[in-house]
2 protein chains.
Amino acid sequence: LTTPVTPLSDALPPRGARGFDVEAARAAAEHQRRLLKPPGSLGRLEQVAIWLAGCQGRAIPLPISPAHVVFLADHGVAAAGVSAYPASVTTAMRDCFARGLAAVSVQARLLGVPLTIVDVGCAGDPAVPVGVVDRRIRRGTADLSRGPAMTVAEAERALDVGAALARDCVARGATLLSAGEMGIGNTTSAACIAVALTRLDVALAVGPGTGLDAAGIARKRDAVGAAVSRLAGRHEPVELLAEVGGFEIAAMAGFYLQAARLQVPVLLDGYISGAAALVAVAFGDDVAPWLCASHRSAEPGHGAVLAALALEPLLALDLRLGEGTGALAALPLLHQAVALHAGMGTIDAALGAG
Amino acid sequence: LTTPVTPLSDALPPRGARGFDVEAARAAAEHQRRLLKPPGSLGRLEQVAIWLAGCQGRAIPLPISPAHVVFLADHGVAAAGVSAYPASVTTAMRDCFARGLAAVSVQARLLGVPLTIVDVGCAGDPAVPVGVVDRRIRRGTADLSRGPAMTVAEAERALDVGAALARDCVARGATLLSAGEMGIGNTTSAACIAVALTRLDVALAVGPGTGLDAAGIARKRDAVGAAVSRLAGRHEPVELLAEVGGFEIAAMAGFYLQAARLQVPVLLDGYISGAAALVAVAFGDDVAPWLCASHRSAEPGHGAVLAALALEPLLALDLRLGEGTGALAALPLLHQAVALHAGMGTIDAALGAG
């Protein structure tokens, strides 16, 4: 598997880019009213079909062909005791992803979703296993509670890694993209981004992550507080990523940004995915219309992130694993929404004679 | 397709019936703690896997093989103006189900779920189309706002129809049963049952159904009020069905009751399904452990029905169509829960050496 890292700036919208097609969405809403059911009675499934119509530019969207990418990276802030697990777990999990043992590996197999695992900066063993794409920027970020997590140049490279992956998925036929992550300490980075971009209170942005105790949450709150006070209102997205980001979060932001530029819809995952989406939206491109929220996680700050993105999640199953498990959990709802929209009878055709 | 109508009383639990297997559920919870993820991080998906383990009596449940049945019937109370649609729509929709044009027809095709359509009492054309099983008790109930909807003998026959269908599905290999309904006026019947069995206030039990206006909701409230005042506290389930039931609701209650006796788990649908489940539970058999709530519908009384059943729904997508659309929407979550439980790596095997 080769995914050449192309600079983000090369990735202009395709010729004839139409943007999110409001007319197609309107035609889809009209079509919904003709289907064999009381208007609105399929609730959120109708909205999903109408959104996909706008993304695809057709009143009756085609069945979706998903692709999922998991970005892995380590965080220097893990040394500050902000996670229930040691940083070594990130690299250990990299092998589990390679062997198809992770939760999202199982879901991808069950649902027939092409899955790509990308190491953007694990700190452990330099030998990346077969089945994992090696795109390491560096072996883990610096501790964001003490100084910038990475350089601006590194943040740009991580954005490009994500963008290249999105292009690669689309080139291989994907018409819906989702991303997940794994990286011990990355809810701390996500919390910094959420605070910076939504003005959420630090105490509300910091949660237990994978299962932190009260003392750990206090340390995490201190780390986030130190990092965001250093930002002093600077919210340029690349600088923000450099200061408090993670390589996997920057890659996800680039992945989402590129998906929007390619006019391919995105299914978000949980808190970290939401933070990456906030960064993508902050880049000022017209990203927001291409996003769908799969779920609201158990992490307390996720609701505020979704509200800032003006997204209503499809699921709320108390998931807090990451990897994209929430996105793949919701994927069958998108398939059903499209099938119902295209496959149901219309009132005129079925009952018109009655 | 032949489904002999066997009296419910014949349907004793199979020899060696073990009941819901608490030990297997406990072993499944133990297994979840060994999987490659922070404990509890798959939230509701863990709970579903543990529930299915208890139902199947194995710590690692087998993949589920679902079957879905839709029961159709008319309601005399429709003449009281309690629906946004005329009663003739029930029979018209029967043809649409036969032709695979209904919402749940599309979902069943997409998900590969065997679907059976059963006419338990449509009022229209006596010629039941090919693709619909004819089990009509009578051509519609009497108006429940003026007197009993049916006789006790008819209620018993409808229960038996549902029970026979459950047996038939299980005989053909189903290991998870769901039921849906279609019948103009049937949220009025469901509201009567909800009021009788949960002491819900009439005003809270009555909602817009398929899209009733304020005047219609007032008529519906009057109809429900008249019916429940006639009950005067009699809550024997068969009598309750005879007074305020519908043939399809009685059939669903029999279907759920029989599923529990056969020790096969049930995925509920919306408000009407919930009312039928309340009746099944009221029969005093050990039905409750076999039930899972797929979704909370947009119908305002459904939350109270689920609370009375002590069930937390998996989805809340503002569905209000019936047919079993919510049950099939949630079905992929059950498949994923089982696959994750069985297919993920364990911490010991994957990380133990680290």
# chains A, B, ... in the order shown; residues from 1 in each chain; ligands from 1

call {"tool": "calpha_fit_rmsd", "arguments": {"fixed": "chain B", "moving": "chain A"}}
result
0.0 Å

call {"tool": "select_by_dssp", "arguments": {"residues": "stretch 205-315 of chain A", "states": "helix (DSSP H, G or I)", "output": "VMD selection string"}}
result
chain A and resid 205 214 to 231 237 to 244 247 to 261 271 to 282 288 to 290 302 to 308

call {"tool": "interface_residues", "arguments": {"of": "chain A", "to": "chain B", "cutoff": "9 Å", "atoms": "only C-alpha atoms", "output": "VMD selection string"}}
result
chain A and resid 35 to 45 84 88 to 89 92 to 93 95 to 96 100 to 107 110 to 111 210 to 211 298 314 to 322 325 329 to 330 332 to 333 335 to 336 339 to 341 343 to 346 350 to 351 354

call {"tool": "atom_distance", "arguments": {"atom1": "atom CA of A:Ala164", "atom2": "atom CA of A:Leu241"}}
result
18.0 Å

call {"tool": "closest_residue", "arguments": {"among": "A:Ala142, A:Val281, A:Val48, A:Ala194", "to": "A:Ala28", "atoms": "only C-alpha atoms"}}
result
A:Val48

call {"tool": "residues_around", "arguments": {"residues": "B:Val133", "least_positions_apart": "5", "cutoff": "12 Å", "atoms": "only C-alpha atoms", "output": "PyMOL selection string"}}
result
chain B and resi 1-5+69-72+94-95+97-98+115-122+127-128+161-162+165

call {"tool": "write_last_selection", "arguments": {"atoms": "C-alpha atoms", "output": "CSV table (one decimal), in the first residue's frame"}}
result
chain,number,residue,atom,x,y,z
B,1,LEU,CA,-46.1,-20.7,3.8
B,2,THR,CA,-48.3,-22.5,6.4
B,3,THR,CA,-48.4,-21.5,10.0
B,4,PRO,CA,-50.8,-23.8,11.9
B,5,VAL,CA,-52.6,-21.9,14.6
B,69,VAL,CA,-43.0,-10.4,11.3
B,70,VAL,CA,-45.4,-7.6,10.5
B,71,PHE,CA,-49.0,-7.9,11.8
B,72,LEU,CA,-51.7,-5.9,10.1
B,94,ARG,CA,-51.2,-4.6,2.8
B,95,ASP,CA,-50.8,-4.7,-0.9
B,97,PHE,CA,-46.2,-4.9,1.9
B,98,ALA,CA,-47.0,-7.8,-0.5
B,115,LEU,CA,-39.9,-11.1,6.5
B,116,THR,CA,-43.4,-12.4,7.0
B,117,ILE,CA,-46.5,-10.2,6.6
B,118,VAL,CA,-49.7,-11.4,8.4
B,119,ASP,CA,-53.2,-10.0,8.0
B,120,VAL,CA,-54.8,-10.5,11.4
B,121,GLY,CA,-57.8,-8.3,10.6
B,122,CYS,CA,-57.7,-5.8,7.8
B,127,ALA,CA,-58.9,-11.2,-1.2
B,128,VAL,CA,-55.6,-11.3,0.6
B,161,VAL,CA,-51.8,-16.3,15.8
B,162,GLY,CA,-48.8,-14.4,17.1
B,165,LEU,CA,-45.8,-17.2,14.0

call {"tool": "closest_residue", "arguments": {"among": "A:Gly324, A:Gly140, A:Pro66, A:Gly19", "to": "A:Ala288", "atoms": "only C-alpha atoms"}}
result
A:Gly19

call {"tool": "select_by_dssp", "arguments": {"residues": "stretch 176-282 of chain A", "states": "strand (DSSP E or B)", "output": "list in words"}}
result
Leu176, Leu177, Ser178, Ala179, Gly180, Glu181, Met182, Val266, Leu267 and Leu268 of chain A

call {"tool": "write_last_selection", "arguments": {"atoms": "all heavy atoms", "output": "compact mmCIF listing (two decimals), in the first residue's frame"}}
result
# COMPACT_ATOMS: atom_id res chain seq x y z
N LEU A 176 -17.58 7.66 1.04
CA LEU A 176 -17.82 8.14 2.41
C LEU A 176 -16.56 7.82 3.22
O LEU A 176 -16.09 6.68 3.21
CB LEU A 176 -19.02 7.43 3.05
CG LEU A 176 -19.29 7.88 4.49
CD1 LEU A 176 -20.27 9.03 4.53
CD2 LEU A 176 -19.80 6.74 5.36
N LEU A 177 -16.04 8.82 3.90
CA LEU A 177 -14.80 8.63 4.64
C LEU A 177 -15.03 8.75 6.14
O LEU A 177 -15.79 9.61 6.60
CB LEU A 177 -13.76 9.67 4.21
CG LEU A 177 -13.31 9.62 2.75
CD1 LEU A 177 -12.22 10.66 2.51
CD2 LEU A 177 -12.81 8.24 2.37
N SER A 178 -14.35 7.89 6.89
CA SER A 178 -14.33 8.06 8.34
C SER A 178 -12.91 7.79 8.83
O SER A 178 -12.13 7.11 8.17
CB SER A 178 -15.34 7.14 9.03
OG SER A 178 -15.10 5.79 8.73
N ALA A 179 -12.61 8.39 9.97
CA ALA A 179 -11.29 8.22 10.56
C ALA A 179 -11.44 7.96 12.05
O ALA A 179 -12.39 8.41 12.68
CB ALA A 179 -10.43 9.47 10.35
N GLY A 180 -10.50 7.19 12.57
CA GLY A 180 -10.44 6.95 14.00
C GLY A 180 -9.01 7.12 14.45
O GLY A 180 -8.13 7.41 13.63
N GLU A 181 -8.77 6.95 15.74
CA GLU A 181 -7.43 7.19 16.26
C GLU A 181 -7.14 6.28 17.44
O GLU A 181 -8.04 5.72 18.05
CB GLU A 181 -7.26 8.64 16.68
CG GLU A 181 -8.42 9.25 17.44
CD GLU A 181 -8.90 8.49 18.63
OE1 GLU A 181 -8.04 8.12 19.46
OE2 GLU A 181 -10.12 8.27 18.76
N MET A 182 -5.88 6.18 17.75
CA MET A 182 -5.43 5.54 18.97
C MET A 182 -4.15 6.25 19.36
O MET A 182 -3.27 6.45 18.51
CB MET A 182 -5.19 4.05 18.73
CG MET A 182 -5.26 3.19 20.00
SD MET A 182 -3.67 3.11 20.81
CE MET A 182 -4.16 3.15 22.53
N VAL A 266 -18.18 12.89 5.19
CA VAL A 266 -17.38 12.37 6.30
C VAL A 266 -18.30 11.95 7.43
O VAL A 266 -19.22 12.70 7.80
CB VAL A 266 -16.40 13.46 6.79
CG1 VAL A 266 -15.85 13.13 8.17
CG2 VAL A 266 -15.29 13.69 5.79
N LEU A 267 -18.03 10.79 8.00
CA LEU A 267 -18.73 10.35 9.20
C LEU A 267 -17.74 10.46 10.36
O LEU A 267 -16.73 9.76 10.40
CB LEU A 267 -19.21 8.90 9.01
CG LEU A 267 -20.10 8.29 10.08
CD1 LEU A 267 -21.36 9.10 10.32
CD2 LEU A 267 -20.45 6.84 9.71
N LEU A 268 -18.03 11.37 11.29
CA LEU A 268 -17.13 11.59 12.42
C LEU A 268 -17.26 10.48 13.45
O LEU A 268 -18.23 9.74 13.47
CB LEU A 268 -17.44 12.94 13.09
CG LEU A 268 -17.24 14.19 12.22
CD1 LEU A 268 -17.64 15.44 13.01
CD2 LEU A 268 -15.80 14.31 11.73

call {"tool": "atom_distance", "arguments": {"atom1": "atom CA of A:Met252", "atom2": "atom CA of A:Ala87"}}
result
20.2 Å

call {"tool": "closest_residue", "arguments": {"among": "A:Pro148, A:Gly185, A:Arg18, A:Ile137", "to": "A:Pro86", "atoms": "only C-alpha atoms"}}
result
A:Gly185

call {"tool": "residues_around", "arguments": {"residues": "A:Phe20", "least_positions_apart": "3", "cutoff": "7 Å", "atoms": "only C-alpha atoms", "output": "PDB file with N, CA and C atoms, in the first residue's frame"}}
result
ATOM      1  N   GLY A  54     -27.392  15.905  -0.934  1.00  0.00           N
ATOM      2  CA  GLY A  54     -26.652  17.154  -1.122  1.00  0.00           C
ATOM      3  C   GLY A  54     -25.171  16.911  -1.377  1.00  0.00           C
ATOM      4  N   CYS A  55     -24.594  15.937  -0.666  1.00  0.00           N
ATOM      5  CA  CYS A  55     -23.175  15.614  -0.857  1.00  0.00           C
ATOM      6  C   CYS A  55     -22.930  15.055  -2.257  1.00  0.00           C
ATOM      7  N   PRO A 289     -20.471  21.439   5.810  1.00  0.00           N
ATOM      8  CA  PRO A 289     -21.583  20.717   5.182  1.00  0.00           C
ATOM      9  C   PRO A 289     -21.299  19.248   4.898  1.00  0.00           C
TER      10      PRO A 289
END

call {"tool": "residues_around", "arguments": {"residues": "A:His75", "least_positions_apart": "4", "cutoff": "10 Å", "atoms": "only C-alpha atoms", "output": "ChimeraX atom specification"}}
result
/A:79,87,90,121-123,139-144,149,183-186,188-189,244-248

call {"tool": "residues_around", "arguments": {"residues": "B:Arg167", "least_positions_apart": "2", "cutoff": "9 Å", "atoms": "only C-alpha atoms", "output": "JSON, numbers by chain"}}
result
{"B": [3, 11, 162, 163, 164, 165, 169, 170, 171, 172, 255, 258, 259, 262]}

call {"tool": "write_last_selection", "arguments": {"atoms": "all heavy atoms", "output": "mmCIF file, in the first residue's frame"}}
result
data_model
loop_
_atom_site.group_PDB
_atom_site.id
_atom_site.type_symbol
_atom_site.label_atom_id
_atom_site.label_comp_id
_atom_site.auth_asym_id
_atom_site.auth_seq_id
_atom_site.Cartn_x
_atom_site.Cartn_y
_atom_site.Cartn_z
ATOM 1 N N THR B 3 -48.660 -21.712 8.590
ATOM 2 C CA THR B 3 -48.366 -21.527 10.014
ATOM 3 C C THR B 3 -49.591 -21.971 10.801
ATOM 4 O O THR B 3 -50.481 -21.175 11.051
ATOM 5 C CB THR B 3 -48.080 -20.054 10.340
ATOM 6 O OG1 THR B 3 -49.085 -19.260 9.705
ATOM 7 C CG2 THR B 3 -46.734 -19.622 9.867
ATOM 8 N N ALA B 11 -47.999 -24.513 24.037
ATOM 9 C CA ALA B 11 -46.633 -24.075 23.780
ATOM 10 C C ALA B 11 -45.831 -23.975 25.065
ATOM 11 O O ALA B 11 -45.407 -22.904 25.475
ATOM 12 C CB ALA B 11 -46.661 -22.738 23.070
ATOM 13 N N GLY B 162 -50.170 -14.952 16.870
ATOM 14 C CA GLY B 162 -48.818 -14.434 17.103
ATOM 15 C C GLY B 162 -47.878 -15.518 17.605
ATOM 16 O O GLY B 162 -46.735 -15.621 17.149
ATOM 17 N N ALA B 163 -48.389 -16.337 18.535
ATOM 18 C CA ALA B 163 -47.556 -17.410 19.093
ATOM 19 C C ALA B 163 -47.147 -18.390 18.001
ATOM 20 O O ALA B 163 -45.992 -18.830 17.938
ATOM 21 C CB ALA B 163 -48.315 -18.132 20.204
ATOM 22 N N ALA B 164 -48.083 -18.709 17.123
ATOM 23 C CA ALA B 164 -47.785 -19.657 16.045
ATOM 24 C C ALA B 164 -46.722 -19.093 15.108
ATOM 25 O O ALA B 164 -45.832 -19.814 14.648
ATOM 26 C CB ALA B 164 -49.067 -19.974 15.268
ATOM 27 N N LEU B 165 -46.801 -17.808 14.846
ATOM 28 C CA LEU B 165 -45.790 -17.187 13.983
ATOM 29 C C LEU B 165 -44.407 -17.244 14.630
ATOM 30 O O LEU B 165 -43.400 -17.496 13.954
ATOM 31 C CB LEU B 165 -46.175 -15.735 13.686
ATOM 32 C CG LEU B 165 -46.864 -15.456 12.346
ATOM 33 C CD1 LEU B 165 -45.943 -15.753 11.163
ATOM 34 C CD2 LEU B 165 -48.175 -16.197 12.188
ATOM 35 N N CYS B 169 -41.153 -19.087 13.004
ATOM 36 C CA CYS B 169 -39.855 -18.426 12.763
ATOM 37 C C CYS B 169 -38.721 -19.215 13.412
ATOM 38 O O CYS B 169 -37.655 -19.408 12.815
ATOM 39 C CB CYS B 169 -39.854 -17.005 13.329
ATOM 40 S SG CYS B 169 -40.917 -15.854 12.428
ATOM 41 N N VAL B 170 -38.953 -19.645 14.648
ATOM 42 C CA VAL B 170 -37.907 -20.372 15.375
ATOM 43 C C VAL B 170 -37.672 -21.733 14.714
ATOM 44 O O VAL B 170 -36.523 -22.176 14.571
ATOM 45 C CB VAL B 170 -38.282 -20.512 16.865
ATOM 46 C CG1 VAL B 170 -37.311 -21.428 17.606
ATOM 47 C CG2 VAL B 170 -38.322 -19.129 17.525
ATOM 48 N N ALA B 171 -38.745 -22.369 14.257
ATOM 49 C CA ALA B 171 -38.594 -23.663 13.572
ATOM 50 C C ALA B 171 -37.748 -23.511 12.315
ATOM 51 O O ALA B 171 -37.024 -24.428 11.925
ATOM 52 C CB ALA B 171 -39.967 -24.230 13.223
ATOM 53 N N ARG B 172 -37.838 -22.338 11.682
ATOM 54 C CA ARG B 172 -37.044 -22.110 10.470
ATOM 55 C C ARG B 172 -35.653 -21.549 10.785
ATOM 56 O O ARG B 172 -34.937 -21.129 9.885
ATOM 57 C CB ARG B 172 -37.815 -21.182 9.523
ATOM 58 C CG ARG B 172 -38.956 -21.918 8.803
ATOM 59 C CD ARG B 172 -39.672 -21.019 7.817
ATOM 60 N NE ARG B 172 -40.579 -20.114 8.494
ATOM 61 C CZ ARG B 172 -41.057 -18.981 7.975
ATOM 62 N NH1 ARG B 172 -40.688 -18.614 6.769
ATOM 63 N NH2 ARG B 172 -41.898 -18.224 8.643
ATOM 64 N N PHE B 255 -46.859 -13.260 20.192
ATOM 65 C CA PHE B 255 -45.556 -13.490 19.551
ATOM 66 C C PHE B 255 -44.427 -13.331 20.580
ATOM 67 O O PHE B 255 -43.540 -14.185 20.690
ATOM 68 C CB PHE B 255 -45.432 -12.461 18.419
ATOM 69 C CG PHE B 255 -44.207 -12.537 17.550
ATOM 70 C CD1 PHE B 255 -44.157 -13.415 16.460
ATOM 71 C CD2 PHE B 255 -43.122 -11.695 17.772
ATOM 72 C CE1 PHE B 255 -43.036 -13.448 15.628
ATOM 73 C CE2 PHE B 255 -42.009 -11.727 16.946
ATOM 74 C CZ PHE B 255 -41.966 -12.613 15.871
ATOM 75 N N GLN B 258 -44.592 -16.116 23.273
ATOM 76 C CA GLN B 258 -44.098 -17.388 22.755
ATOM 77 C C GLN B 258 -42.586 -17.367 22.583
ATOM 78 O O GLN B 258 -41.900 -18.352 22.872
ATOM 79 C CB GLN B 258 -44.777 -17.695 21.425
ATOM 80 C CG GLN B 258 -44.448 -19.066 20.887
ATOM 81 C CD GLN B 258 -44.882 -20.155 21.832
ATOM 82 O OE1 GLN B 258 -46.036 -20.204 22.256
ATOM 83 N NE2 GLN B 258 -43.970 -21.032 22.208
ATOM 84 N N ALA B 259 -42.048 -16.235 22.130
ATOM 85 C CA ALA B 259 -40.588 -16.106 21.995
ATOM 86 C C ALA B 259 -39.920 -16.361 23.344
ATOM 87 O O ALA B 259 -38.953 -17.120 23.433
ATOM 88 C CB ALA B 259 -40.224 -14.722 21.471
ATOM 89 N N LEU B 262 -39.999 -19.923 24.261
ATOM 90 C CA LEU B 262 -39.027 -20.678 23.459
ATOM 91 C C LEU B 262 -37.595 -20.241 23.771
ATOM 92 O O LEU B 262 -36.649 -20.744 23.186
ATOM 93 C CB LEU B 262 -39.309 -20.486 21.968
ATOM 94 C CG LEU B 262 -40.625 -21.068 21.459
ATOM 95 C CD1 LEU B 262 -40.869 -20.649 20.010
ATOM 96 C CD2 LEU B 262 -40.619 -22.593 21.582
#

call {"tool": "atom_distance", "arguments": {"atom1": "atom CA of A:Tyr256", "atom2": "atom CA of A:Ala174"}}
result
13.7 Å

call {"tool": "decode", "arguments": {"residues": "stretch 186-217 of chain A", "atoms": "N, CA and C atoms", "output": "short mmCIF file (atom, residue, chain, number, x, y, z; two decimals), in the first residue's frame"}}
result
data_model
loop_
_atom_site.label_atom_id
_atom_site.label_comp_id
_atom_site.auth_asym_id
_atom_site.auth_seq_id
_atom_site.Cartn_x
_atom_site.Cartn_y
_atom_site.Cartn_z
N ASN A 186 -4.31 11.18 24.14
CA ASN A 186 -4.87 12.09 23.13
C ASN A 186 -6.18 12.78 23.51
N THR A 187 -6.86 12.33 24.57
CA THR A 187 -8.01 13.14 25.00
C THR A 187 -7.53 14.45 25.64
N THR A 188 -6.30 14.47 26.17
CA THR A 188 -5.74 15.72 26.72
C THR A 188 -5.54 16.73 25.59
N SER A 189 -4.98 16.27 24.49
CA SER A 189 -4.78 17.14 23.33
C SER A 189 -6.13 17.61 22.79
N ALA A 190 -7.09 16.68 22.68
CA ALA A 190 -8.42 17.04 22.19
C ALA A 190 -9.08 18.07 23.10
N ALA A 191 -8.89 17.92 24.42
CA ALA A 191 -9.49 18.87 25.37
C ALA A 191 -8.92 20.27 25.15
N CYS A 192 -7.60 20.36 24.89
CA CYS A 192 -6.98 21.67 24.64
C CYS A 192 -7.62 22.32 23.41
N ILE A 193 -7.80 21.53 22.37
CA ILE A 193 -8.40 22.07 21.13
C ILE A 193 -9.85 22.48 21.38
N ALA A 194 -10.58 21.66 22.12
CA ALA A 194 -11.99 21.99 22.41
C ALA A 194 -12.09 23.29 23.19
N VAL A 195 -11.20 23.47 24.17
CA VAL A 195 -11.21 24.71 24.97
C VAL A 195 -10.87 25.90 24.08
N ALA A 196 -9.84 25.73 23.23
CA ALA A 196 -9.39 26.84 22.39
C ALA A 196 -10.46 27.25 21.38
N LEU A 197 -11.15 26.27 20.81
CA LEU A 197 -12.05 26.58 19.69
C LEU A 197 -13.53 26.68 20.05
N THR A 198 -13.91 26.27 21.26
CA THR A 198 -15.33 26.39 21.64
C THR A 198 -15.50 27.22 22.90
N ARG A 199 -14.40 27.67 23.50
CA ARG A 199 -14.45 28.41 24.77
C ARG A 199 -15.10 27.61 25.89
N LEU A 200 -15.05 26.30 25.73
CA LEU A 200 -15.54 25.40 26.78
C LEU A 200 -14.64 25.57 28.00
N ASP A 201 -15.24 25.49 29.18
CA ASP A 201 -14.48 25.55 30.41
C ASP A 201 -13.56 24.32 30.50
N VAL A 202 -12.33 24.53 31.00
CA VAL A 202 -11.37 23.42 31.09
C VAL A 202 -11.95 22.25 31.87
N ALA A 203 -12.64 22.55 32.97
CA ALA A 203 -13.19 21.47 33.81
C ALA A 203 -14.21 20.63 33.05
N LEU A 204 -14.93 21.26 32.13
CA LEU A 204 -15.93 20.52 31.36
C LEU A 204 -15.30 19.78 30.18
N ALA A 205 -14.16 20.28 29.72
CA ALA A 205 -13.51 19.66 28.56
C ALA A 205 -12.72 18.42 28.94
N VAL A 206 -12.37 18.31 30.21
CA VAL A 206 -11.52 17.21 30.66
C VAL A 206 -12.36 16.11 31.28
N GLY A 207 -12.25 14.91 30.74
CA GLY A 207 -13.00 13.78 31.26
C GLY A 207 -12.08 12.63 31.59
N PRO A 208 -12.66 11.47 31.94
CA PRO A 208 -11.83 10.33 32.36
C PRO A 208 -11.12 9.61 31.22
N GLY A 209 -11.43 9.98 29.96
CA GLY A 209 -10.77 9.30 28.85
C GLY A 209 -11.00 7.80 28.93
N THR A 210 -9.92 7.03 28.89
CA THR A 210 -10.05 5.56 28.91
C THR A 210 -10.31 5.03 30.31
N GLY A 211 -10.40 5.90 31.31
CA GLY A 211 -10.73 5.40 32.65
C GLY A 211 -9.83 5.96 33.74
N LEU A 212 -9.63 7.25 33.72
CA LEU A 212 -8.75 7.93 34.67
C LEU A 212 -9.46 8.12 36.01
N ASP A 213 -8.69 8.05 37.11
CA ASP A 213 -9.28 8.32 38.43
C ASP A 213 -9.26 9.84 38.70
N ALA A 214 -9.78 10.22 39.88
CA ALA A 214 -9.94 11.65 40.19
C ALA A 214 -8.60 12.38 40.21
N ALA A 215 -7.58 11.76 40.78
CA ALA A 215 -6.26 12.41 40.83
C ALA A 215 -5.71 12.60 39.41
N GLY A 216 -5.93 11.60 38.59
CA GLY A 216 -5.48 11.69 37.20
C GLY A 216 -6.21 12.79 36.44
N ILE A 217 -7.51 12.89 36.70
CA ILE A 217 -8.30 13.94 36.04
C ILE A 217 -7.79 15.32 36.46
#
